[in-house]
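A quick write-up on the structure given underneath.
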Amino acid sequence: MNMPVDERLNTLSEIAHECLGIEPFAAVDTRLRAHYVVSAESLVRALESAYDIGLIAGYRLNRVHIVQTAQERRALEADADTGLYA
C-alpha cells in the first residue's frame with residue numbers, strides 16, 4: 001500500500017479503537033465478519049473525529065498548494081524580470 005492509504009487506515013483504526021472500542025483492522029481476521037454493538041454517542045464521536053481529521057487534512061493540503069503556487073508565481077516573475085521569456 002502507498003503512504004497516504006496506510007496513514008488513512010491507521011487514522012481510521014485509531015478512531016475505531018478510541019471511540020468505538022473496536023480492535024485495529026489488522027488484528028481482525030478478514031475471513032470473519034465481525035459485528036459490533038456501539039452506542040449512538042460513540043458513533044457520533046467517531047464520525048466527528050473523522051470529519052475533523054478530514055478538515056485538518058484538507059486545510060493542510062490547501063496550504064501546501066497555496067505555498068507552491070506562490071513559489072511558482074515568484075519564479076515566473078523572476079524569470080520575466082531577467083528577460084528569459086521576453
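Simple scheme: letters A, B, ... for chains in C-alpha cells order, numbers from 1 for residues in each chain, numbers from 1 for ligands in the order shown.
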
So which bits of range 8-65 of chain A end up helix (DSSP H, G or I) when you DSSP the backbone, as a PyMOL selection string?
-> chain A and resi 8-20+25-27+40-65

Dump of C-alpha atoms for the selected residues, as a compact mmCIF listing (two decimals), in the first residue's frame:
# COMPACT_ATOMS: atom_id res chain seq x y z
CA ARG A 8 -5.68 6.89 6.49
CA LEU A 9 -6.14 3.31 7.62
CA ASN A 10 -4.02 3.97 10.70
CA THR A 11 -6.14 7.01 11.49
CA LEU A 12 -9.40 5.12 11.00
CA SER A 13 -8.12 2.24 13.11
CA GLU A 14 -7.23 4.69 15.86
CA ILE A 15 -10.68 6.30 15.74
CA ALA A 16 -12.38 2.89 15.76
CA HIS A 17 -10.32 1.81 18.76
CA GLU A 18 -10.63 5.02 20.80
CA CYS A 19 -14.26 5.91 20.06
CA LEU A 20 -15.89 2.55 19.44
CA PHE A 25 -8.42 -3.62 11.49
CA ALA A 26 -5.21 -5.63 11.09
CA ALA A 27 -5.97 -7.58 14.27
CA ALA A 40 -25.12 6.24 19.14
CA GLU A 41 -22.98 8.61 21.19
CA SER A 42 -19.82 6.64 20.37
CA LEU A 43 -20.75 6.53 16.71
CA VAL A 44 -21.32 10.29 16.62
CA ARG A 45 -17.97 10.85 18.37
CA ALA A 46 -16.21 8.62 15.81
CA LEU A 47 -17.86 10.40 12.87
CA GLU A 48 -16.99 13.81 14.32
CA SER A 49 -13.38 12.72 14.79
CA ALA A 50 -13.14 11.52 11.19
CA TYR A 51 -14.75 14.73 9.96
CA ASP A 52 -12.36 16.88 11.99
CA ILE A 53 -9.35 14.97 10.68
CA GLY A 54 -10.66 15.45 7.14
CA LEU A 55 -10.96 19.20 7.70
CA ILE A 56 -7.42 19.38 9.05
CA ALA A 57 -6.03 17.34 6.16
CA GLY A 58 -7.90 19.47 3.63
CA TYR A 59 -6.62 22.66 5.23
CA ARG A 60 -3.04 21.39 5.18
CA LEU A 61 -3.28 20.30 1.54
CA ASN A 62 -4.73 23.66 0.60
CA ARG A 63 -1.93 25.49 2.43
CA VAL A 64 0.69 23.40 0.60
CA HIS A 65 -0.99 24.20 -2.71

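For the atom pair formed by CA of Asp79 in chain A and CA of Ile66 in chain A, the distance is 19.9 Å, given to one decimal.
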